[in-house]
file target_35.txt (compact mmCIF, C-alpha atoms)
# COMPACT_ATOMS: atom_id res chain seq x y z
CA MET A 237 -2.52 -44.89 4.29
CA GLY A 238 -4.62 -41.84 5.20
CA ILE A 239 -2.52 -38.92 6.35
CA LEU A 240 0.64 -40.52 4.90
CA ARG A 241 -0.66 -39.64 1.43
CA HIS A 242 0.36 -36.08 2.26
CA PRO A 243 3.89 -36.05 0.75
CA ASP A 244 5.47 -33.56 3.15
CA PHE A 245 3.87 -35.10 6.22
CA ARG A 246 5.31 -38.38 4.97
CA ARG A 247 8.77 -36.78 4.93
CA LEU A 248 8.23 -35.42 8.44
CA TRP A 249 7.07 -38.86 9.57
CA ALA A 250 10.12 -40.58 8.01
CA ALA A 251 12.45 -38.08 9.68
CA ASP A 252 10.79 -38.69 13.01
CA LEU A 253 10.75 -42.48 12.81
CA LEU A 254 14.46 -43.27 12.78
CA SER A 255 15.27 -40.31 15.01
CA GLN A 256 12.90 -41.69 17.64
CA LEU A 257 14.45 -45.12 17.28
CA GLY A 258 17.95 -43.73 17.78
CA SER A 259 16.84 -41.77 20.82
CA ARG A 260 15.34 -44.92 22.32
CA LEU A 261 18.63 -46.75 21.81
CA SER A 262 20.43 -43.99 23.72
CA MET A 263 17.78 -43.86 26.42
CA GLY A 264 18.70 -47.40 27.42
CA ALA A 265 22.38 -47.32 26.46
CA ILE A 266 23.39 -44.20 28.41
CA PRO A 267 22.43 -45.48 31.90
CA LEU A 268 23.86 -48.90 31.02
CA LEU A 269 27.10 -47.18 29.96
CA ALA A 270 27.18 -45.44 33.34
CA VAL A 271 26.43 -48.59 35.34
CA LEU A 272 28.47 -51.20 33.44
CA VAL A 273 31.38 -49.18 32.00
CA LEU A 274 31.81 -46.14 34.25
CA ASN A 275 30.68 -47.82 37.51
CA ALA A 276 28.36 -44.94 38.45
CA SER A 277 26.42 -44.85 41.72
CA THR A 278 22.61 -44.74 41.93
CA PHE A 279 22.62 -40.96 42.39
CA GLN A 280 25.15 -40.43 39.58
CA VAL A 281 22.90 -42.42 37.23
CA SER A 282 19.89 -40.30 38.23
CA LEU A 283 21.90 -37.17 37.33
CA LEU A 284 22.09 -38.38 33.72
CA ARG A 285 18.36 -37.91 33.26
CA THR A 286 18.53 -34.61 35.13
CA CYS A 287 21.15 -33.31 32.69
CA GLU A 288 19.00 -34.38 29.74
CA THR A 289 15.85 -32.61 30.95
CA ALA A 290 17.11 -29.65 33.03
CA ALA A 291 16.99 -27.36 29.97
CA TRP A 292 13.18 -27.42 30.15
CA LEU A 293 13.37 -25.56 33.46
CA VAL A 294 15.78 -22.94 32.13
CA LEU A 295 14.74 -22.48 28.49
CA GLY A 296 11.34 -24.11 28.07
CA LEU A 297 9.23 -20.94 28.24
CA PHE A 298 11.73 -18.84 26.27
CA ALA A 299 11.78 -21.47 23.53
CA GLY A 300 8.02 -21.20 23.10
CA ALA A 301 8.06 -17.42 22.64
CA TRP A 302 11.02 -17.75 20.28
CA ALA A 303 9.32 -20.52 18.25
CA ASP A 304 6.36 -18.23 17.55
CA ARG A 305 8.76 -15.72 15.95
CA VAL A 306 10.74 -17.99 13.62
CA ARG A 307 10.18 -20.67 11.00
CA SER A 308 10.25 -24.12 12.57
CA ARG A 309 11.89 -26.28 9.92
CA PRO A 310 15.38 -24.68 10.02
CA VAL A 311 15.36 -25.09 13.81
CA LEU A 312 14.56 -28.79 13.43
CA VAL A 313 17.34 -29.38 10.89
CA TYR A 314 20.10 -27.58 12.80
CA ALA A 315 19.08 -29.12 16.14
CA ASP A 316 19.37 -32.59 14.61
CA LEU A 317 22.80 -31.89 13.10
CA LEU A 318 24.25 -30.48 16.32
CA ARG A 319 22.89 -33.36 18.42
CA ALA A 320 24.52 -35.78 15.99
CA VAL A 321 27.90 -34.13 16.58
CA LEU A 322 27.50 -34.12 20.37
CA LEU A 323 26.48 -37.76 20.68
CA ALA A 324 29.18 -38.91 18.25
CA SER A 325 31.78 -37.63 20.73
CA ILE A 326 30.88 -40.39 23.21
CA PRO A 327 31.87 -43.42 21.09
CA ILE A 328 34.91 -41.51 19.81
CA ALA A 329 36.12 -40.85 23.39
CA TRP A 330 35.38 -44.46 24.35
CA TRP A 331 37.37 -45.70 21.33
CA PHE A 332 40.41 -43.75 22.52
CA ASP A 333 39.83 -44.90 26.13
CA VAL A 334 39.36 -41.37 27.48
CA LEU A 335 35.62 -41.44 28.17
CA THR A 336 34.56 -40.21 31.62
CA LEU A 337 31.25 -39.67 33.38
CA ALA A 338 31.97 -35.93 33.34
CA GLN A 339 32.08 -35.97 29.53
CA VAL A 340 28.75 -37.78 29.37
CA TYR A 341 27.21 -35.09 31.58
CA ALA A 342 28.84 -32.40 29.42
CA VAL A 343 27.30 -33.91 26.27
CA LEU A 344 23.82 -34.38 27.73
CA VAL A 345 23.39 -30.77 28.90
CA PRO A 346 23.73 -29.06 25.46
CA ALA A 347 21.96 -32.01 23.82
CA GLY A 348 19.10 -31.38 26.23
CA ILE A 349 19.00 -27.70 25.21
CA LEU A 350 18.80 -28.69 21.54
CA THR A 351 16.06 -31.19 22.35
CA VAL A 352 13.99 -28.42 23.96
CA LEU A 353 14.34 -26.25 20.87
CA PHE A 354 13.58 -29.20 18.59
CA ASP A 355 10.51 -30.40 20.50
CA VAL A 356 8.92 -26.95 20.79
CA ALA A 357 9.56 -26.25 17.10
CA HIS A 358 8.25 -29.70 16.16
CA ASN A 359 4.97 -29.16 18.03
CA SER A 360 4.61 -25.72 16.44
CA TYR A 361 5.43 -27.04 12.96
CA LEU A 362 2.65 -29.63 12.63
CA PRO A 363 -0.22 -27.07 12.75
CA ARG A 364 1.69 -25.05 10.13
CA LEU A 365 1.98 -28.09 7.86
CA LEU A 366 -1.47 -29.67 8.26
CA GLU A 367 -5.07 -28.47 8.30
CA ARG A 368 -6.74 -28.44 11.72
CA ASP A 369 -8.93 -31.49 11.02
CA HIS A 370 -5.80 -33.51 10.13
CA LEU A 371 -4.04 -32.86 13.44
CA LEU A 372 -5.43 -35.87 15.33
CA PRO A 373 -4.44 -38.46 12.66
CA GLY A 374 -1.13 -36.63 12.19
CA ASN A 375 -0.34 -36.76 15.91
CA ALA A 376 -1.46 -40.41 15.98
CA LYS A 377 1.04 -41.30 13.23
CA LEU A 378 3.86 -39.46 15.00
CA ALA A 379 2.89 -41.14 18.28
CA ALA A 380 3.07 -44.46 16.43
CA ASN A 381 6.71 -43.62 15.76
CA HIS A 382 7.22 -43.21 19.50
CA SER A 383 5.57 -46.59 20.03
CA ILE A 384 7.47 -48.46 17.33
CA ALA A 385 10.74 -46.90 18.48
CA ALA A 386 9.96 -47.74 22.10
CA VAL A 387 9.36 -51.41 21.27
CA ILE A 388 12.18 -51.94 18.77
CA GLY A 389 14.59 -49.63 20.62
CA ALA A 390 14.03 -51.35 23.96
CA GLY A 391 14.75 -54.82 22.58
CA ALA A 392 17.42 -53.86 20.09
CA GLY A 393 19.05 -51.49 22.57
CA GLY A 394 19.67 -54.19 25.14
CA LEU A 395 20.97 -56.61 22.52
CA LEU A 396 23.19 -53.99 20.89
CA VAL A 397 24.64 -52.95 24.23
CA GLN A 398 25.49 -56.60 24.94
CA TRP A 399 26.92 -57.20 21.43
CA LEU A 400 28.50 -53.86 20.46
CA GLY A 401 28.84 -52.09 23.79
CA ALA A 402 26.93 -49.09 25.11
CA ALA A 403 29.18 -46.46 23.51
CA LEU A 404 28.80 -47.75 19.95
CA THR A 405 25.05 -48.08 20.46
CA ILE A 406 24.95 -44.36 21.34
CA GLY A 407 26.83 -43.72 18.10
CA LEU A 408 23.86 -45.18 16.20
CA ASP A 409 21.71 -42.46 17.73
CA ALA A 410 24.06 -39.85 16.26
CA LEU A 411 23.52 -41.38 12.81
CA SER A 412 19.75 -41.31 13.31
CA PHE A 413 19.87 -37.54 13.81
CA LEU A 414 21.67 -37.19 10.47
CA TRP A 415 18.90 -39.24 8.83
CA SER A 416 16.27 -36.99 10.38
CA ALA A 417 17.99 -33.80 9.18
CA ILE A 418 18.15 -35.08 5.60
CA TRP A 419 14.43 -35.89 5.49
CA LEU A 420 13.41 -32.62 7.12
CA ARG A 421 15.52 -30.71 4.63
CA SER A 422 13.59 -32.39 1.79
CA ILE A 423 10.17 -31.03 2.83
CA ARG A 424 8.90 -28.82 0.01
CA THR A 425 5.87 -27.01 1.46
CA PRO A 426 6.96 -23.40 2.06
CA GLU A 427 6.63 -22.26 5.64
CA ALA A 428 5.43 -18.70 5.99
CA ASP A 429 7.36 -16.35 8.23
CA PRO A 430 5.40 -15.92 11.50
CA VAL A 431 3.96 -12.51 12.23
CA LYS A 432 6.37 -10.82 14.63
CA PRO A 433 5.18 -8.40 17.30
CA GLU A 434 5.73 -4.72 16.53
CA ARG A 435 7.25 -4.20 19.96
CA PRO A 436 8.97 -7.39 21.09
CA ASP A 437 8.29 -8.11 24.75
CA LEU A 438 9.68 -11.55 25.57
CA ARG A 439 8.47 -11.57 29.16
CA GLY A 440 4.99 -10.45 28.12
CA GLU A 441 4.82 -13.02 25.32
CA ILE A 442 5.82 -15.83 27.68
CA GLY A 443 3.21 -14.59 30.13
CA ASP A 444 0.55 -14.73 27.41
CA GLY A 445 1.22 -18.44 26.89
CA MET A 446 1.19 -19.20 30.61
CA ARG A 447 -1.98 -17.20 31.22
CA PHE A 448 -3.75 -18.99 28.37
CA VAL A 449 -2.90 -22.41 29.83
CA PHE A 450 -3.56 -21.70 33.50
CA ARG A 451 -6.75 -19.71 32.93
CA HIS A 452 -8.17 -22.32 30.57
CA PRO A 453 -10.60 -24.65 32.40
CA LEU A 454 -9.46 -27.72 30.43
CA LEU A 455 -5.78 -27.07 29.79
CA ARG A 456 -5.02 -26.15 33.42
CA PRO A 457 -5.96 -29.57 34.93
CA ILE A 458 -4.20 -31.35 32.07
CA ALA A 459 -1.05 -29.32 32.77
CA LEU A 460 -1.17 -30.02 36.52
CA ASN A 461 -1.75 -33.74 35.94
CA THR A 462 1.16 -33.84 33.50
CA MET A 463 3.46 -32.09 35.98
CA ALA A 464 2.71 -34.48 38.85
CA THR A 465 2.84 -37.55 36.60
CA MET A 466 6.19 -36.57 35.09
CA LEU A 467 7.65 -35.88 38.53
CA PHE A 468 7.03 -39.40 39.79
CA GLN A 469 7.55 -41.07 36.42
CA ALA A 470 11.01 -39.48 36.21
CA ALA A 471 11.78 -40.64 39.75
CA ALA A 472 11.02 -44.23 38.75
CA GLY A 473 12.80 -43.96 35.41
CA ALA A 474 15.97 -42.59 36.99
CA ILE A 475 16.55 -45.74 39.02
CA MET A 476 14.76 -48.49 37.09
CA VAL A 477 17.79 -49.65 35.08
CA VAL A 478 19.93 -49.65 38.24
CA TYR A 479 17.29 -51.73 40.03
CA LEU A 480 16.96 -54.23 37.18
CA VAL A 481 20.75 -54.68 36.94
CA ARG A 482 21.73 -54.60 40.61
CA GLY A 483 18.49 -55.57 42.37
CA VAL A 484 16.92 -58.10 40.00
CA HIS A 485 20.29 -59.18 38.43
CA LEU A 486 19.21 -58.99 34.78
CA GLN A 487 21.56 -58.78 31.79
CA PRO A 488 21.20 -55.86 29.30
CA ALA A 489 19.75 -58.13 26.60
CA THR A 490 17.14 -59.50 29.01
CA ILE A 491 16.15 -55.99 30.09
CA GLY A 492 15.77 -55.04 26.43
CA VAL A 493 13.61 -58.05 25.53
CA LEU A 494 11.32 -57.62 28.56
CA SER A 495 10.92 -53.92 27.82
CA MET A 496 10.16 -54.69 24.18
CA ILE A 497 7.38 -57.10 25.13
CA GLY A 498 5.86 -54.62 27.55
CA LEU A 499 5.97 -51.71 25.12
CA LEU A 500 3.86 -53.55 22.54
CA GLY A 501 0.96 -51.80 24.23
CA ALA A 502 2.24 -48.51 22.83
CA ILE A 503 1.90 -49.78 19.25
CA VAL A 504 -1.65 -50.94 19.92
CA ALA A 505 -2.46 -47.54 21.43
CA SER A 506 -1.19 -45.68 18.37
CA ALA A 507 -3.43 -47.78 16.13
CA ILE A 508 -6.68 -47.51 18.09
CA THR A 509 -6.61 -44.15 19.90
CA GLU A 510 -8.63 -42.42 17.19
CA ARG A 511 -11.27 -45.18 17.34
CA LEU A 512 -11.39 -45.08 21.14
CA SER A 513 -11.81 -41.32 21.01
CA THR A 514 -14.66 -41.58 18.49
CA ARG A 515 -16.50 -44.35 20.34
CA TYR A 516 -16.13 -43.24 23.96
CA GLY A 517 -15.33 -39.54 23.62
CA ASP A 518 -11.90 -37.96 23.82
CA ALA A 519 -12.50 -36.49 27.30
CA ARG A 520 -13.46 -39.84 28.83
CA THR A 521 -10.66 -41.66 27.03
CA LEU A 522 -8.13 -39.10 28.26
CA LEU A 523 -9.33 -39.45 31.84
CA LEU A 524 -9.17 -43.24 31.82
CA SER A 525 -5.79 -43.42 30.08
CA SER A 526 -4.23 -40.96 32.54
CA THR A 527 -5.50 -43.10 35.41
CA GLY A 528 -4.07 -46.17 33.71
CA VAL A 529 -0.59 -44.59 33.75
CA GLY A 530 -0.73 -44.39 37.55
CA VAL A 531 -1.91 -47.98 37.84
CA ALA A 532 0.89 -49.12 35.52
CA PHE A 533 3.71 -47.56 37.55
CA THR A 534 2.25 -48.97 40.75
CA VAL A 535 2.21 -52.44 39.17
CA GLN A 536 5.87 -52.01 38.13
CA ALA A 537 6.76 -51.56 41.80
CA LEU A 538 5.85 -55.25 42.32
CA THR A 539 8.90 -56.24 40.22
CA ALA A 540 11.35 -58.51 42.06
CA PRO A 541 13.70 -61.44 41.25
CA GLY A 542 12.22 -64.66 39.89
CA TRP A 543 8.71 -64.91 38.46
CA ARG A 544 7.87 -61.45 39.80
CA VAL A 545 9.89 -59.96 36.95
CA SER A 546 6.64 -60.49 35.01
CA TRP A 547 5.16 -57.52 36.88
CA TYR A 548 7.69 -55.32 35.08
CA VAL A 549 6.35 -56.58 31.75
CA VAL A 550 2.70 -56.11 32.78
CA GLY A 551 3.34 -52.61 34.12
CA THR A 552 5.34 -51.59 31.05
CA LEU A 553 2.65 -52.98 28.74
CA LEU A 554 -0.08 -50.97 30.47
CA ALA A 555 2.09 -47.86 30.77
CA GLY A 556 3.02 -47.96 27.08
CA PHE A 557 -0.62 -48.19 26.05
CA CYS A 558 -1.96 -45.51 28.39
CA ILE A 559 0.90 -43.01 27.93
CA ILE A 560 0.48 -43.01 24.15
CA VAL A 561 -3.32 -42.67 24.28
CA SER A 562 -3.01 -39.83 26.79
CA TYR A 563 -0.24 -38.13 24.80
CA ILE A 564 -2.15 -38.16 21.50
CA LEU A 565 -5.29 -36.75 23.09
CA GLN A 566 -3.47 -34.12 25.15
CA VAL A 567 -1.46 -32.78 22.21
CA SER A 568 -4.44 -32.79 19.85
CA THR A 569 -6.59 -31.07 22.47
CA ARG A 570 -4.00 -28.36 23.01
CA GLN A 571 -3.50 -27.76 19.30
CA ARG A 572 -7.25 -27.51 18.69
CA LEU A 573 -8.00 -25.19 21.61
CA CYS A 574 -5.06 -22.85 21.07
CA PRO A 575 -5.17 -19.91 18.63
CA PRO A 576 -2.49 -20.11 15.88
CA GLU A 577 -0.54 -17.11 17.20
CA LEU A 578 -0.03 -18.83 20.59
CA GLN A 579 0.82 -22.38 19.43
CA GLY A 580 4.54 -22.16 20.23
CA ARG A 581 4.11 -20.49 23.61
CA VAL A 582 1.29 -22.78 24.74
CA SER A 583 3.26 -25.83 23.57
CA ALA A 584 6.30 -24.60 25.49
CA THR A 585 4.24 -23.88 28.61
CA MET A 586 2.78 -27.39 28.59
CA SER A 587 6.21 -28.90 27.94
CA PHE A 588 7.79 -26.70 30.63
CA VAL A 589 5.22 -27.83 33.18
CA GLY A 590 5.72 -31.49 32.31
CA TRP A 591 9.36 -31.81 31.34
CA GLY A 592 10.39 -29.17 33.86
CA ALA A 593 9.27 -31.60 36.55
CA ALA A 594 11.44 -34.37 35.06
CA PRO A 595 14.87 -33.21 36.31
CA VAL A 596 13.40 -32.62 39.76
CA GLY A 597 11.89 -36.09 39.66
CA SER A 598 15.17 -37.64 38.56
CA LEU A 599 16.99 -36.04 41.47
CA LEU A 600 14.18 -37.12 43.79
CA GLY A 601 14.46 -40.70 42.54
CA GLY A 602 18.22 -40.74 43.05
CA ALA A 603 17.97 -39.23 46.54
CA LEU A 604 15.16 -41.57 47.63
CA GLY A 605 16.91 -44.58 46.11
CA THR A 606 20.13 -43.77 47.98
CA THR A 607 18.30 -43.13 51.28
CA PHE A 608 15.47 -45.68 51.34
CA GLY A 609 16.50 -48.24 48.73
CA LEU A 610 15.56 -48.78 45.10
CA HIS A 611 12.46 -50.96 45.65
CA THR A 612 10.89 -48.60 48.19
CA THR A 613 11.46 -45.70 45.80
CA LEU A 614 9.58 -47.54 43.03
CA TRP A 615 6.59 -47.89 45.37
CA ILE A 616 6.69 -44.20 46.24
CA ALA A 617 6.88 -43.25 42.57
CA GLY A 618 4.06 -45.61 41.59
CA LEU A 619 1.63 -44.40 44.23
CA GLY A 620 2.59 -40.79 43.54
CA THR A 621 1.81 -41.23 39.84
CA LEU A 622 -1.55 -42.74 40.73
CA THR A 623 -2.55 -39.81 42.94
CA ALA A 624 -1.58 -37.31 40.21
CA ASN A 625 -4.94 -37.94 38.53
CA THR A 626 -6.86 -36.01 41.17
CA ALA A 627 -6.16 -32.89 39.09
CA LEU A 628 -8.34 -34.36 36.30
CA TYR A 629 -11.08 -35.90 38.43
CA PHE A 630 -11.76 -32.61 40.24
CA SER A 631 -11.94 -30.52 37.05
CA PRO A 632 -14.47 -29.55 34.35
CA LEU A 633 -13.01 -32.35 32.23
CA ARG A 634 -14.61 -35.16 34.29
CA PRO A 635 -18.27 -34.75 33.22
CA LEU A 636 -17.40 -34.15 29.55
CA ARG A 637 -17.61 -36.75 26.82
CA THR A 638 -16.10 -34.67 24.02
CA ILE A 639 -13.55 -31.84 24.16
CA PRO A 640 -14.34 -28.76 22.01
CA THR A 641 -12.68 -28.78 18.59
CA GLU A 642 -12.34 -25.06 17.90
CA PRO A 643 -9.70 -22.62 19.20
CA THR A 644 -10.60 -20.81 22.39
CA THR A 645 -10.37 -17.04 22.47
CA SER A 646 -7.13 -16.12 24.14
CA GLU A 647 -7.45 -14.71 27.63
CA VAL A 648 -4.99 -12.00 26.69
CA ASP A 649 -7.44 -10.69 24.10
CA ARG A 650 -10.37 -10.37 26.51
call {"tool": "encode", "arguments": {"input": "target_35.txt", "output": "structure tokens"}}
result
Amino acid sequence: MGILRHPDFRRLWAADLLSQLGSRLSMGAIPLLAVLVLNASTFQVSLLRTCETAAWLVLGLFAGAWADRVRSRPVLVYADLLRAVLLASIPIAWWFDVLTLAQVYAVLVPAGILTVLFDVAHNSYLPRLLERDHLLPGNAKLAANHSIAAVIGAGAGGLLVQWLGAALTIGLDALSFLWSAIWLRSIRTPEADPVKPERPDLRGEIGDGMRFVFRHPLLRPIALNTMATMLFQAAAGAIMVVYLVRGVHLQPATIGVLSMIGLLGAIVASAITERLSTRYGDARTLLLSSTGVGVAFTVQALTAPGWRVSWYVVGTLLAGFCIIVSYILQVSTRQRLCPPELQGRVSATMSFVGWGAAPVGSLLGGALGTTFGLHTTLWIAGLGTLTANTALYFSPLRPLRTIPTEPTTSEVDR
């Protein structure tokens, strides 16, 4: 069981597991709701993902500075409860036959803000709960939740949409947030109040986090790679469901089953990342897994009707494996290299760089899909993701086998 013997980490893990599953159900159900129920256009569907992630551009950096000033667990609990209320409004409106695309947008924007606050607080909370040498196995277990949720949610999501409808499937996500809040509330380890600056300077504190990341020889290329990868990954993700429904003519249940098969790679990645890191070195493993993400999205662009649907499965399988390996190593690297007093701000900076590119990528995918067609856009996104790895290959990371395990002195203290 390893890290799961830690009782409060086990509670955190349980809270995360069903919450991730619910989020995966919504991730597939919301675009299907737009396409099948609300008859949305390609660009309107791409705006859904933009609404979900736009908060990273507006609040991402602020959230990091704020997270370093407050206890994380109350933020996690209240963010879960409020997201449950917001998402529950969608099946309620559908039940009374008053649901519109405008309401879905209006729900996703504040839900996206709460997700920013939750994710930054969540990343800041783990180093406060666990010792430094437990961070890698802790992140691996939480990444396993992502993987399990991705596989089960993809298959179950498509089936549930076909059986229950998209709106009721989204309602299950609302219930998952309630589950998460209950488990988080049960954590017993007291969380110390963070040391607050004597003279609060929000702009200066945000700048400290950004300077640490972009002056750091290892974190800077990782951040740039993440930004470029998320840009093109979001472009592909914004139109993929539309392409599979309208271009490849698949039913929701079929999309779910194919996605579930492909995402089995994510579960394998969660189980063996620590061993890969030990055997080959975390720096080398990170470099190869990031390259594999680009290859995977390029392979997905081969998807077409008939037997060529199998390319979607192959690409998703490889993407699921490589994304999880890369994610575990990136987060663990950041948490190890960052001083405790900068964890929230550095986490927010890295998330801002990556997730801040997502709404731009979603808009890009919708615009390219409308102008050049869905299949051509998948090729552009795949090749763009592949070229994103130049930031890592031309960096001090490339010759390394192992990434340092101790915090780096903050640039702002030099």
call {"tool": "atom_distance", "arguments": {"input": "target_35.txt", "atom1": "CA of Ala540 in chain A", "atom2": "CA of Glu288 in chain A"}}
result
28.2 Å
call {"tool": "closest_atom_pairs", "arguments": {"input": "target_35.txt", "of": "range 331-437 of chain A", "to": "range 483-507 of chain A", "cutoff": "12 Å", "atoms": "all atoms listed in the file", "output": "Markdown table"}}
result
| residue | atom | partner | partner_atom | distance |
| --- | --- | --- | --- | --- |
| A:Leu372 | CA | A:Ser506 | CA | 11.1 |
| A:Pro373 | CA | A:Ser506 | CA | 9.8 |
| A:Gly374 | CA | A:Ser506 | CA | 11.0 |
| A:Asn375 | CA | A:Ser506 | CA | 9.3 |
| A:Ala376 | CA | A:Ser506 | CA | 5.8 |
| A:Lys377 | CA | A:Ser506 | CA | 7.1 |
| A:Leu378 | CA | A:Ser506 | CA | 8.7 |
| A:Ala379 | CA | A:Ser506 | CA | 6.1 |
| A:Ala380 | CA | A:Ser506 | CA | 4.8 |
| A:Asn381 | CA | A:Ile503 | CA | 8.6 |
| A:His382 | CA | A:Ala502 | CA | 8.0 |
| A:Ser383 | CA | A:Ala502 | CA | 4.8 |
| A:Ile384 | CA | A:Ile503 | CA | 6.0 |
| A:Ala385 | CA | A:Ile503 | CA | 9.3 |
| A:Ala386 | CA | A:Leu499 | CA | 6.4 |
| A:Val387 | CA | A:Met496 | CA | 4.5 |
| A:Ile388 | CA | A:Met496 | CA | 6.4 |
| A:Gly389 | CA | A:Met496 | CA | 7.6 |
| A:Ala390 | CA | A:Gly492 | CA | 4.8 |
| A:Gly391 | CA | A:Gly492 | CA | 4.0 |
| A:Ala392 | CA | A:Gly492 | CA | 6.7 |
| A:Gly393 | CA | A:Gly492 | CA | 6.2 |
| A:Gly394 | CA | A:Gly492 | CA | 4.2 |
| A:Leu395 | CA | A:Ala489 | CA | 4.5 |
| A:Leu396 | CA | A:Ala489 | CA | 7.8 |
| A:Val397 | CA | A:Pro488 | CA | 6.8 |
| A:Gln398 | CA | A:Pro488 | CA | 6.2 |
| A:Trp399 | CA | A:Ala489 | CA | 8.9 |
| A:Leu400 | CA | A:Ala489 | CA | 11.5 |
| A:Gly401 | CA | A:Pro488 | CA | 10.1 |
| A:Ala402 | CA | A:Pro488 | CA | 9.8 |
call {"tool": "atom_distance", "arguments": {"input": "target_35.txt", "atom1": "CA of Thr606 in chain A", "atom2": "CA of Arg285 in chain A"}}
result
15.9 Å
call {"tool": "closest_residue", "arguments": {"input": "target_35.txt", "among": "A:Ala472, A:Val449, A:Leu636, A:Ala338", "to": "Leu522 in chain A", "atoms": "only C-alpha atoms"}}
result
A:Leu636
call {"tool": "closest_residue", "arguments": {"input": "target_35.txt", "among": "A:Ala410, A:Ala250, A:Ile458, A:Val531", "to": "Leu622 in chain A", "atoms": "all atoms listed in the file"}}
result
A:Val531
call {"tool": "atom_distance", "arguments": {"input": "target_35.txt", "atom1": "CA of Leu261 in chain A", "atom2": "CA of Thr286 in chain A"}}
result
18.0 Å
call {"tool": "build_atoms", "arguments": {"input": "target_35.txt", "residues": "range 469-481 of chain A", "atoms": "N, CA, C and O atoms", "output": "PDB file, in the coordinates of the input"}}
result
ATOM      1  N   GLN A 469       7.078 -40.203  37.498  1.00  0.00           N
ATOM      2  CA  GLN A 469       7.550 -41.070  36.420  1.00  0.00           C
ATOM      3  C   GLN A 469       9.054 -40.938  36.243  1.00  0.00           C
ATOM      4  O   GLN A 469       9.760 -41.933  36.037  1.00  0.00           O
ATOM      5  N   ALA A 470       9.567 -39.703  36.317  1.00  0.00           N
ATOM      6  CA  ALA A 470      11.010 -39.480  36.210  1.00  0.00           C
ATOM      7  C   ALA A 470      11.749 -40.085  37.388  1.00  0.00           C
ATOM      8  O   ALA A 470      12.870 -40.594  37.238  1.00  0.00           O
ATOM      9  N   ALA A 471      11.143 -40.035  38.569  1.00  0.00           N
ATOM     10  CA  ALA A 471      11.780 -40.640  39.750  1.00  0.00           C
ATOM     11  C   ALA A 471      11.956 -42.144  39.558  1.00  0.00           C
ATOM     12  O   ALA A 471      13.002 -42.705  39.889  1.00  0.00           O
ATOM     13  N   ALA A 472      10.923 -42.794  39.010  1.00  0.00           N
ATOM     14  CA  ALA A 472      11.020 -44.230  38.750  1.00  0.00           C
ATOM     15  C   ALA A 472      12.009 -44.516  37.624  1.00  0.00           C
ATOM     16  O   ALA A 472      12.843 -45.426  37.721  1.00  0.00           O
ATOM     17  N   GLY A 473      11.926 -43.727  36.549  1.00  0.00           N
ATOM     18  CA  GLY A 473      12.800 -43.960  35.410  1.00  0.00           C
ATOM     19  C   GLY A 473      14.275 -43.770  35.721  1.00  0.00           C
ATOM     20  O   GLY A 473      15.132 -44.434  35.138  1.00  0.00           O
ATOM     21  N   ALA A 474      14.577 -42.882  36.665  1.00  0.00           N
ATOM     22  CA  ALA A 474      15.970 -42.590  36.990  1.00  0.00           C
ATOM     23  C   ALA A 474      16.681 -43.762  37.636  1.00  0.00           C
ATOM     24  O   ALA A 474      17.909 -43.879  37.553  1.00  0.00           O
ATOM     25  N   ILE A 475      15.918 -44.638  38.283  1.00  0.00           N
ATOM     26  CA  ILE A 475      16.550 -45.740  39.020  1.00  0.00           C
ATOM     27  C   ILE A 475      16.178 -47.123  38.483  1.00  0.00           C
ATOM     28  O   ILE A 475      16.720 -48.124  38.955  1.00  0.00           O
ATOM     29  N   MET A 476      15.268 -47.198  37.521  1.00  0.00           N
ATOM     30  CA  MET A 476      14.760 -48.490  37.090  1.00  0.00           C
ATOM     31  C   MET A 476      15.872 -49.385  36.524  1.00  0.00           C
ATOM     32  O   MET A 476      15.962 -50.576  36.867  1.00  0.00           O
ATOM     33  N   VAL A 477      16.725 -48.834  35.653  1.00  0.00           N
ATOM     34  CA  VAL A 477      17.790 -49.650  35.080  1.00  0.00           C
ATOM     35  C   VAL A 477      18.747 -50.125  36.178  1.00  0.00           C
ATOM     36  O   VAL A 477      19.186 -51.282  36.180  1.00  0.00           O
ATOM     37  N   VAL A 478      19.056 -49.253  37.125  1.00  0.00           N
ATOM     38  CA  VAL A 478      19.930 -49.650  38.240  1.00  0.00           C
ATOM     39  C   VAL A 478      19.299 -50.787  39.033  1.00  0.00           C
ATOM     40  O   VAL A 478      19.961 -51.767  39.400  1.00  0.00           O
ATOM     41  N   TYR A 479      17.990 -50.682  39.273  1.00  0.00           N
ATOM     42  CA  TYR A 479      17.290 -51.730  40.030  1.00  0.00           C
ATOM     43  C   TYR A 479      17.278 -53.049  39.276  1.00  0.00           C
ATOM     44  O   TYR A 479      17.517 -54.114  39.864  1.00  0.00           O
ATOM     45  N   LEU A 480      17.020 -52.998  37.965  1.00  0.00           N
ATOM     46  CA  LEU A 480      16.960 -54.230  37.180  1.00  0.00           C
ATOM     47  C   LEU A 480      18.327 -54.908  37.078  1.00  0.00           C
ATOM     48  O   LEU A 480      18.418 -56.135  37.061  1.00  0.00           O
ATOM     49  N   VAL A 481      19.407 -54.102  37.030  1.00  0.00           N
ATOM     50  CA  VAL A 481      20.750 -54.680  36.940  1.00  0.00           C
ATOM     51  C   VAL A 481      21.246 -55.149  38.288  1.00  0.00           C
ATOM     52  O   VAL A 481      21.704 -56.288  38.443  1.00  0.00           O
TER      53      VAL A 481
END
